[in-house]
Amino acid sequence: MVNYIVCGHGNFATGLESSVKLLAGEAPAVKYVDFTQDLSQDTLCDKFEEVYNSFTDASSVVILTDIVGGTPFKTAVTFSLSHENVYVISGTNLPLMLQVAISNLDDENIKDQLNEMISSSKEAMFMFDKDSF
């Protein structure tokens with residue numbers, strides 16, 4: 001089973017959790033970790049370890065972060081280097097999270113499946129052009 005950790009600056013993770021619950025219901029395979037001002041990179045890594053260890057049926061874990069280069073991303077990358085079958089995605093948005101909530105990914109071809117989800121979430125971005133309306 002694939003499990004997920006969502007992490008970002010401030011209350012990014014729990015904000016997404018609220019939206020996902022509203023739109024798709026509970027997503028039991030997803031855990032949310034906020035990176036608030038009072039946390040250090042080491043403390044965040046400890047939180048990742050704690051959540052990772054709480055997944056009893058996880059064969060793969062995907063850590064979804066907000067921005068490339070930020071502390072949550074860098075910590076997730078470092079964490080993934082010392083844990084097998086941990087993948088890191090950056091640029092997480094609500095369309096991606098909705099896919100995560102309703103998906104049932106398997107470990108076969110997980111990278112391909114994750115790349116499809118990323119492509120789909122990018123396509124969900126749209127600018128309304130009132131001049132074309």
# chains A, B, ... in the order shown; residues from 1 in each chain; ligands from 1
>>> residues_around(residues="segment 80-84 of chain A", least_positions_apart="6", cutoff="12 Å", atoms="only C-alpha atoms", output="ChimeraX atom specification")
/A:5,45,48-49,52-53,58-64,73-74
>>> residues_around(residues="Phe12 of chain A", least_positions_apart="4", cutoff="12 Å", atoms="only C-alpha atoms", output="ChimeraX atom specification")
/A:6-8,16-19,32-36,64-67,72,91-94
>>> write_last_selection(atoms="N, CA and C atoms", output="PDB file, in the first residue's frame")
ATOM      1  N   VAL A   6       2.127  14.762   3.927  1.00  0.00           N
ATOM      2  CA  VAL A   6       2.028  16.094   3.326  1.00  0.00           C
ATOM      3  C   VAL A   6       2.693  17.071   4.281  1.00  0.00           C
ATOM      4  N   CYS A   7       3.583  17.915   3.745  1.00  0.00           N
ATOM      5  CA  CYS A   7       4.288  18.870   4.588  1.00  0.00           C
ATOM      6  C   CYS A   7       4.568  20.150   3.814  1.00  0.00           C
ATOM      7  N   GLY A   8       4.421  21.257   4.488  1.00  0.00           N
ATOM      8  CA  GLY A   8       4.738  22.541   3.888  1.00  0.00           C
ATOM      9  C   GLY A   8       4.880  23.604   4.957  1.00  0.00           C
ATOM     10  N   LEU A  16      -4.553  21.931   3.560  1.00  0.00           N
ATOM     11  CA  LEU A  16      -4.935  20.966   2.522  1.00  0.00           C
ATOM     12  C   LEU A  16      -5.787  19.852   3.113  1.00  0.00           C
ATOM     13  N   GLU A  17      -5.464  19.426   4.321  1.00  0.00           N
ATOM     14  CA  GLU A  17      -6.250  18.379   4.976  1.00  0.00           C
ATOM     15  C   GLU A  17      -7.715  18.806   5.094  1.00  0.00           C
ATOM     16  N   SER A  18      -7.935  20.040   5.508  1.00  0.00           N
ATOM     17  CA  SER A  18      -9.291  20.566   5.652  1.00  0.00           C
ATOM     18  C   SER A  18     -10.034  20.555   4.318  1.00  0.00           C
ATOM     19  N   SER A  19      -9.363  20.982   3.268  1.00  0.00           N
ATOM     20  CA  SER A  19      -9.981  21.023   1.941  1.00  0.00           C
ATOM     21  C   SER A  19     -10.261  19.623   1.407  1.00  0.00           C
ATOM     22  N   TYR A  32      -0.616  14.492   7.802  1.00  0.00           N
ATOM     23  CA  TYR A  32      -0.291  15.890   7.533  1.00  0.00           C
ATOM     24  C   TYR A  32       0.640  16.430   8.611  1.00  0.00           C
ATOM     25  N   VAL A  33       1.733  17.067   8.174  1.00  0.00           N
ATOM     26  CA  VAL A  33       2.735  17.621   9.090  1.00  0.00           C
ATOM     27  C   VAL A  33       2.983  19.073   8.713  1.00  0.00           C
ATOM     28  N   ASP A  34       2.637  19.979   9.614  1.00  0.00           N
ATOM     29  CA  ASP A  34       2.914  21.398   9.386  1.00  0.00           C
ATOM     30  C   ASP A  34       4.344  21.723   9.814  1.00  0.00           C
ATOM     31  N   PHE A  35       5.019  22.555   9.031  1.00  0.00           N
ATOM     32  CA  PHE A  35       6.341  23.050   9.404  1.00  0.00           C
ATOM     33  C   PHE A  35       6.161  24.490   9.876  1.00  0.00           C
ATOM     34  N   THR A  36       5.991  24.637  11.176  1.00  0.00           N
ATOM     35  CA  THR A  36       5.741  25.952  11.764  1.00  0.00           C
ATOM     36  C   THR A  36       7.049  26.575  12.241  1.00  0.00           C
ATOM     37  N   LEU A  64       4.792  14.691   0.086  1.00  0.00           N
ATOM     38  CA  LEU A  64       4.338  15.774  -0.776  1.00  0.00           C
ATOM     39  C   LEU A  64       4.634  17.102  -0.089  1.00  0.00           C
ATOM     40  N   THR A  65       5.436  17.953  -0.742  1.00  0.00           N
ATOM     41  CA  THR A  65       5.839  19.219  -0.134  1.00  0.00           C
ATOM     42  C   THR A  65       5.356  20.401  -0.967  1.00  0.00           C
ATOM     43  N   ASP A  66       5.514  21.593  -0.391  1.00  0.00           N
ATOM     44  CA  ASP A  66       4.992  22.781  -1.069  1.00  0.00           C
ATOM     45  C   ASP A  66       5.937  23.334  -2.133  1.00  0.00           C
ATOM     46  N   ILE A  67       7.176  23.678  -1.777  1.00  0.00           N
ATOM     47  CA  ILE A  67       8.058  24.307  -2.768  1.00  0.00           C
ATOM     48  C   ILE A  67       9.451  23.658  -2.788  1.00  0.00           C
ATOM     49  N   PRO A  72      10.917  21.949   4.194  1.00  0.00           N
ATOM     50  CA  PRO A  72      10.191  20.675   4.111  1.00  0.00           C
ATOM     51  C   PRO A  72      10.685  19.794   2.957  1.00  0.00           C
ATOM     52  N   GLY A  91       5.628  21.074  -5.055  1.00  0.00           N
ATOM     53  CA  GLY A  91       4.638  21.811  -5.833  1.00  0.00           C
ATOM     54  C   GLY A  91       3.226  21.292  -5.603  1.00  0.00           C
ATOM     55  N   THR A  92       3.015  20.653  -4.475  1.00  0.00           N
ATOM     56  CA  THR A  92       1.721  20.049  -4.163  1.00  0.00           C
ATOM     57  C   THR A  92       0.612  21.093  -4.191  1.00  0.00           C
ATOM     58  N   ASN A  93      -0.482  20.732  -4.832  1.00  0.00           N
ATOM     59  CA  ASN A  93      -1.659  21.603  -4.875  1.00  0.00           C
ATOM     60  C   ASN A  93      -2.909  20.780  -4.591  1.00  0.00           C
ATOM     61  N   LEU A  94      -4.053  21.440  -4.486  1.00  0.00           N
ATOM     62  CA  LEU A  94      -5.292  20.749  -4.138  1.00  0.00           C
ATOM     63  C   LEU A  94      -5.702  19.714  -5.188  1.00  0.00           C
TER      64      LEU A  94
END
>>> select_by_dssp(residues="segment 3-129 of chain A", states="alpha helix (DSSP H)", output="JSON, numbers by chain")
{"A": [12, 13, 14, 15, 16, 17, 18, 19, 20, 21, 22, 23, 24, 41, 42, 43, 44, 45, 46, 47, 48, 49, 50, 51, 52, 53, 54, 71, 72, 73, 74, 75, 76, 77, 78, 79, 80, 81, 94, 95, 96, 97, 98, 99, 100, 101, 102, 110, 111, 112, 113, 114, 115, 116, 117, 118, 119, 120, 121, 122, 123]}
>>> closest_residue(among="A:Asn3, A:Lys47, A:Gly15, A:Leu22", to="Asn85 of chain A", atoms="only C-alpha atoms")
A:Asn3
>>> residues_around(residues="Ser103 of chain A", least_positions_apart="3", cutoff="12 Å", atoms="only C-alpha atoms", output="list in words")
Met1, Val2, Asn3, Tyr4, Ala24, Ala27, Pro28, Ala29, Val30, Leu96, Met97, Leu98, Gln99, Val100, Asp106, Ile110, Gln113, Leu114, Glu116 and Met117 of chain A
>>> write_last_selection(atoms="C-alpha atoms", output="tab-separated table (two decimals), in the first residue's frame")
chain	number	residue	atom	x	y	z
A	1	MET	CA	0.00	0.00	0.00
A	2	VAL	CA	1.15	3.53	-0.74
A	3	ASN	CA	0.94	6.03	2.11
A	4	TYR	CA	1.54	9.77	2.04
A	24	ALA	CA	-13.32	13.94	-0.81
A	27	ALA	CA	-8.01	9.94	3.39
A	28	PRO	CA	-6.65	7.43	5.90
A	29	ALA	CA	-3.44	6.79	3.96
A	30	VAL	CA	-2.46	10.47	4.28
A	96	LEU	CA	-2.98	16.66	-6.70
A	97	MET	CA	-4.24	16.07	-3.16
A	98	LEU	CA	-7.69	15.13	-4.44
A	99	GLN	CA	-6.08	12.54	-6.70
A	100	VAL	CA	-4.11	11.23	-3.73
A	106	ASP	CA	0.17	0.08	-6.23
A	110	ILE	CA	4.75	3.81	-8.87
A	113	GLN	CA	1.70	6.61	-11.66
A	114	LEU	CA	3.03	9.55	-9.64
A	116	GLU	CA	0.74	10.93	-14.30
A	117	MET	CA	-0.79	12.48	-11.18
>>> decode(residues="segment 4-130 of chain A", atoms="C-alpha atoms", output="PDB file, in the first residue's frame")
ATOM      1  CA  TYR A   4       1.538   9.775   2.037  1.00  0.00           C
ATOM      2  CA  ILE A   5       2.993  12.519   4.217  1.00  0.00           C
ATOM      3  CA  VAL A   6       2.028  16.094   3.326  1.00  0.00           C
ATOM      4  CA  CYS A   7       4.288  18.870   4.588  1.00  0.00           C
ATOM      5  CA  GLY A   8       4.738  22.541   3.888  1.00  0.00           C
ATOM      6  CA  HIS A   9       5.447  25.898   5.446  1.00  0.00           C
ATOM      7  CA  GLY A  10       3.068  27.197   8.099  1.00  0.00           C
ATOM      8  CA  ASN A  11      -0.275  25.430   8.085  1.00  0.00           C
ATOM      9  CA  PHE A  12      -0.010  24.360   4.452  1.00  0.00           C
ATOM     10  CA  ALA A  13      -0.498  20.675   5.280  1.00  0.00           C
ATOM     11  CA  THR A  14      -3.436  21.006   7.651  1.00  0.00           C
ATOM     12  CA  GLY A  15      -5.011  23.559   5.303  1.00  0.00           C
ATOM     13  CA  LEU A  16      -4.935  20.966   2.522  1.00  0.00           C
ATOM     14  CA  GLU A  17      -6.250  18.379   4.976  1.00  0.00           C
ATOM     15  CA  SER A  18      -9.291  20.566   5.652  1.00  0.00           C
ATOM     16  CA  SER A  19      -9.981  21.023   1.941  1.00  0.00           C
ATOM     17  CA  VAL A  20      -9.499  17.336   1.113  1.00  0.00           C
ATOM     18  CA  LYS A  21     -11.891  16.308   3.903  1.00  0.00           C
ATOM     19  CA  LEU A  22     -14.490  18.767   2.628  1.00  0.00           C
ATOM     20  CA  LEU A  23     -14.258  17.634  -0.995  1.00  0.00           C
ATOM     21  CA  ALA A  24     -13.319  13.937  -0.809  1.00  0.00           C
ATOM     22  CA  GLY A  25     -13.781  12.805   2.788  1.00  0.00           C
ATOM     23  CA  GLU A  26     -11.220  11.135   5.007  1.00  0.00           C
ATOM     24  CA  ALA A  27      -8.006   9.944   3.391  1.00  0.00           C
ATOM     25  CA  PRO A  28      -6.654   7.429   5.902  1.00  0.00           C
ATOM     26  CA  ALA A  29      -3.443   6.790   3.958  1.00  0.00           C
ATOM     27  CA  VAL A  30      -2.459  10.470   4.279  1.00  0.00           C
ATOM     28  CA  LYS A  31      -0.830  12.138   7.286  1.00  0.00           C
ATOM     29  CA  TYR A  32      -0.291  15.890   7.533  1.00  0.00           C
ATOM     30  CA  VAL A  33       2.735  17.621   9.090  1.00  0.00           C
ATOM     31  CA  ASP A  34       2.914  21.398   9.386  1.00  0.00           C
ATOM     32  CA  PHE A  35       6.341  23.050   9.404  1.00  0.00           C
ATOM     33  CA  THR A  36       5.741  25.952  11.764  1.00  0.00           C
ATOM     34  CA  GLN A  37       8.154  28.635  12.969  1.00  0.00           C
ATOM     35  CA  ASP A  38       8.948  26.810  16.183  1.00  0.00           C
ATOM     36  CA  LEU A  39      10.298  23.687  14.423  1.00  0.00           C
ATOM     37  CA  SER A  40      13.856  23.024  13.322  1.00  0.00           C
ATOM     38  CA  GLN A  41      14.899  20.870  10.386  1.00  0.00           C
ATOM     39  CA  ASP A  42      15.956  18.138  12.839  1.00  0.00           C
ATOM     40  CA  THR A  43      12.580  18.242  14.588  1.00  0.00           C
ATOM     41  CA  LEU A  44      10.835  18.023  11.223  1.00  0.00           C
ATOM     42  CA  CYS A  45      12.935  14.985  10.317  1.00  0.00           C
ATOM     43  CA  ASP A  46      11.931  13.404  13.643  1.00  0.00           C
ATOM     44  CA  LYS A  47       8.281  14.033  12.776  1.00  0.00           C
ATOM     45  CA  PHE A  48       8.755  12.373   9.385  1.00  0.00           C
ATOM     46  CA  GLU A  49      10.293   9.361  11.135  1.00  0.00           C
ATOM     47  CA  GLU A  50       7.412   9.192  13.609  1.00  0.00           C
ATOM     48  CA  VAL A  51       4.772   9.313  10.879  1.00  0.00           C
ATOM     49  CA  TYR A  52       6.720   6.903   8.679  1.00  0.00           C
ATOM     50  CA  ASN A  53       6.864   4.401  11.537  1.00  0.00           C
ATOM     51  CA  SER A  54       3.124   4.770  12.159  1.00  0.00           C
ATOM     52  CA  PHE A  55       2.339   3.336   8.714  1.00  0.00           C
ATOM     53  CA  THR A  56       1.878  -0.353   9.455  1.00  0.00           C
ATOM     54  CA  ASP A  57       0.956  -1.419   5.927  1.00  0.00           C
ATOM     55  CA  ALA A  58       3.140   0.883   3.861  1.00  0.00           C
ATOM     56  CA  SER A  59       5.332  -0.564   1.197  1.00  0.00           C
ATOM     57  CA  SER A  60       5.944   2.896  -0.290  1.00  0.00           C
ATOM     58  CA  VAL A  61       5.659   6.389   1.169  1.00  0.00           C
ATOM     59  CA  VAL A  62       5.296   9.577  -0.852  1.00  0.00           C
ATOM     60  CA  ILE A  63       6.176  12.872   0.822  1.00  0.00           C
ATOM     61  CA  LEU A  64       4.338  15.774  -0.776  1.00  0.00           C
ATOM     62  CA  THR A  65       5.839  19.219  -0.134  1.00  0.00           C
ATOM     63  CA  ASP A  66       4.992  22.781  -1.069  1.00  0.00           C
ATOM     64  CA  ILE A  67       8.058  24.307  -2.768  1.00  0.00           C
ATOM     65  CA  VAL A  68      11.360  23.069  -4.154  1.00  0.00           C
ATOM     66  CA  GLY A  69      14.289  24.205  -2.034  1.00  0.00           C
ATOM     67  CA  GLY A  70      12.294  24.898   1.102  1.00  0.00           C
ATOM     68  CA  THR A  71      13.048  23.209   4.405  1.00  0.00           C
ATOM     69  CA  PRO A  72      10.191  20.675   4.111  1.00  0.00           C
ATOM     70  CA  PHE A  73      11.441  19.644   0.659  1.00  0.00           C
ATOM     71  CA  LYS A  74      15.113  19.473   1.674  1.00  0.00           C
ATOM     72  CA  THR A  75      14.248  17.502   4.809  1.00  0.00           C
ATOM     73  CA  ALA A  76      12.062  15.113   2.802  1.00  0.00           C
ATOM     74  CA  VAL A  77      14.859  14.546   0.277  1.00  0.00           C
ATOM     75  CA  THR A  78      17.363  13.829   3.063  1.00  0.00           C
ATOM     76  CA  PHE A  79      14.848  11.499   4.708  1.00  0.00           C
ATOM     77  CA  SER A  80      14.238   9.657   1.433  1.00  0.00           C
ATOM     78  CA  LEU A  81      17.954   8.990   1.000  1.00  0.00           C
ATOM     79  CA  SER A  82      17.992   6.869   4.147  1.00  0.00           C
ATOM     80  CA  HIS A  83      14.685   5.049   3.576  1.00  0.00           C
ATOM     81  CA  GLU A  84      13.833   2.685   0.748  1.00  0.00           C
ATOM     82  CA  ASN A  85      10.705   3.286  -1.297  1.00  0.00           C
ATOM     83  CA  VAL A  86      10.248   6.898  -0.190  1.00  0.00           C
ATOM     84  CA  TYR A  87       9.450   9.367  -2.983  1.00  0.00           C
ATOM     85  CA  VAL A  88       9.357  13.165  -2.763  1.00  0.00           C
ATOM     86  CA  ILE A  89       7.091  15.475  -4.761  1.00  0.00           C
ATOM     87  CA  SER A  90       7.182  19.269  -4.631  1.00  0.00           C
ATOM     88  CA  GLY A  91       4.638  21.811  -5.833  1.00  0.00           C
ATOM     89  CA  THR A  92       1.721  20.049  -4.163  1.00  0.00           C
ATOM     90  CA  ASN A  93      -1.659  21.603  -4.875  1.00  0.00           C
ATOM     91  CA  LEU A  94      -5.292  20.749  -4.138  1.00  0.00           C
ATOM     92  CA  PRO A  95      -5.927  18.944  -7.454  1.00  0.00           C
ATOM     93  CA  LEU A  96      -2.976  16.657  -6.702  1.00  0.00           C
ATOM     94  CA  MET A  97      -4.243  16.072  -3.163  1.00  0.00           C
ATOM     95  CA  LEU A  98      -7.694  15.128  -4.441  1.00  0.00           C
ATOM     96  CA  GLN A  99      -6.083  12.544  -6.705  1.00  0.00           C
ATOM     97  CA  VAL A 100      -4.109  11.230  -3.734  1.00  0.00           C
ATOM     98  CA  ALA A 101      -7.276  10.992  -1.640  1.00  0.00           C
ATOM     99  CA  ILE A 102      -9.173   8.899  -4.175  1.00  0.00           C
ATOM    100  CA  SER A 103      -6.305   6.926  -5.692  1.00  0.00           C
ATOM    101  CA  ASN A 104      -5.303   3.416  -4.919  1.00  0.00           C
ATOM    102  CA  LEU A 105      -1.766   3.289  -6.242  1.00  0.00           C
ATOM    103  CA  ASP A 106       0.171   0.081  -6.227  1.00  0.00           C
ATOM    104  CA  ASP A 107       3.895  -0.313  -5.932  1.00  0.00           C
ATOM    105  CA  GLU A 108       4.316  -1.534  -9.489  1.00  0.00           C
ATOM    106  CA  ASN A 109       5.234   1.356 -11.733  1.00  0.00           C
ATOM    107  CA  ILE A 110       4.754   3.814  -8.869  1.00  0.00           C
ATOM    108  CA  LYS A 111       7.004   6.405 -10.485  1.00  0.00           C
ATOM    109  CA  ASP A 112       4.912   6.345 -13.670  1.00  0.00           C
ATOM    110  CA  GLN A 113       1.703   6.613 -11.664  1.00  0.00           C
ATOM    111  CA  LEU A 114       3.032   9.549  -9.640  1.00  0.00           C
ATOM    112  CA  ASN A 115       4.223  11.332 -12.793  1.00  0.00           C
ATOM    113  CA  GLU A 116       0.735  10.931 -14.299  1.00  0.00           C
ATOM    114  CA  MET A 117      -0.789  12.480 -11.182  1.00  0.00           C
ATOM    115  CA  ILE A 118       1.684  15.380 -11.341  1.00  0.00           C
ATOM    116  CA  SER A 119       0.888  16.017 -15.022  1.00  0.00           C
ATOM    117  CA  SER A 120      -2.818  15.961 -14.317  1.00  0.00           C
ATOM    118  CA  SER A 121      -2.493  18.401 -11.407  1.00  0.00           C
ATOM    119  CA  LYS A 122      -0.489  20.796 -13.590  1.00  0.00           C
ATOM    120  CA  GLU A 123      -3.249  20.686 -16.205  1.00  0.00           C
ATOM    121  CA  ALA A 124      -5.758  21.709 -13.537  1.00  0.00           C
ATOM    122  CA  MET A 125      -4.190  25.173 -13.405  1.00  0.00           C
ATOM    123  CA  PHE A 126      -6.125  27.679 -15.442  1.00  0.00           C
ATOM    124  CA  MET A 127      -6.367  31.407 -15.909  1.00  0.00           C
ATOM    125  CA  PHE A 128      -9.832  32.792 -16.557  1.00  0.00           C
ATOM    126  CA  ASP A 129      -9.628  35.239 -19.441  1.00  0.00           C
ATOM    127  CA  LYS A 130     -12.601  37.584 -19.176  1.00  0.00           C
TER     128      LYS A 130
END
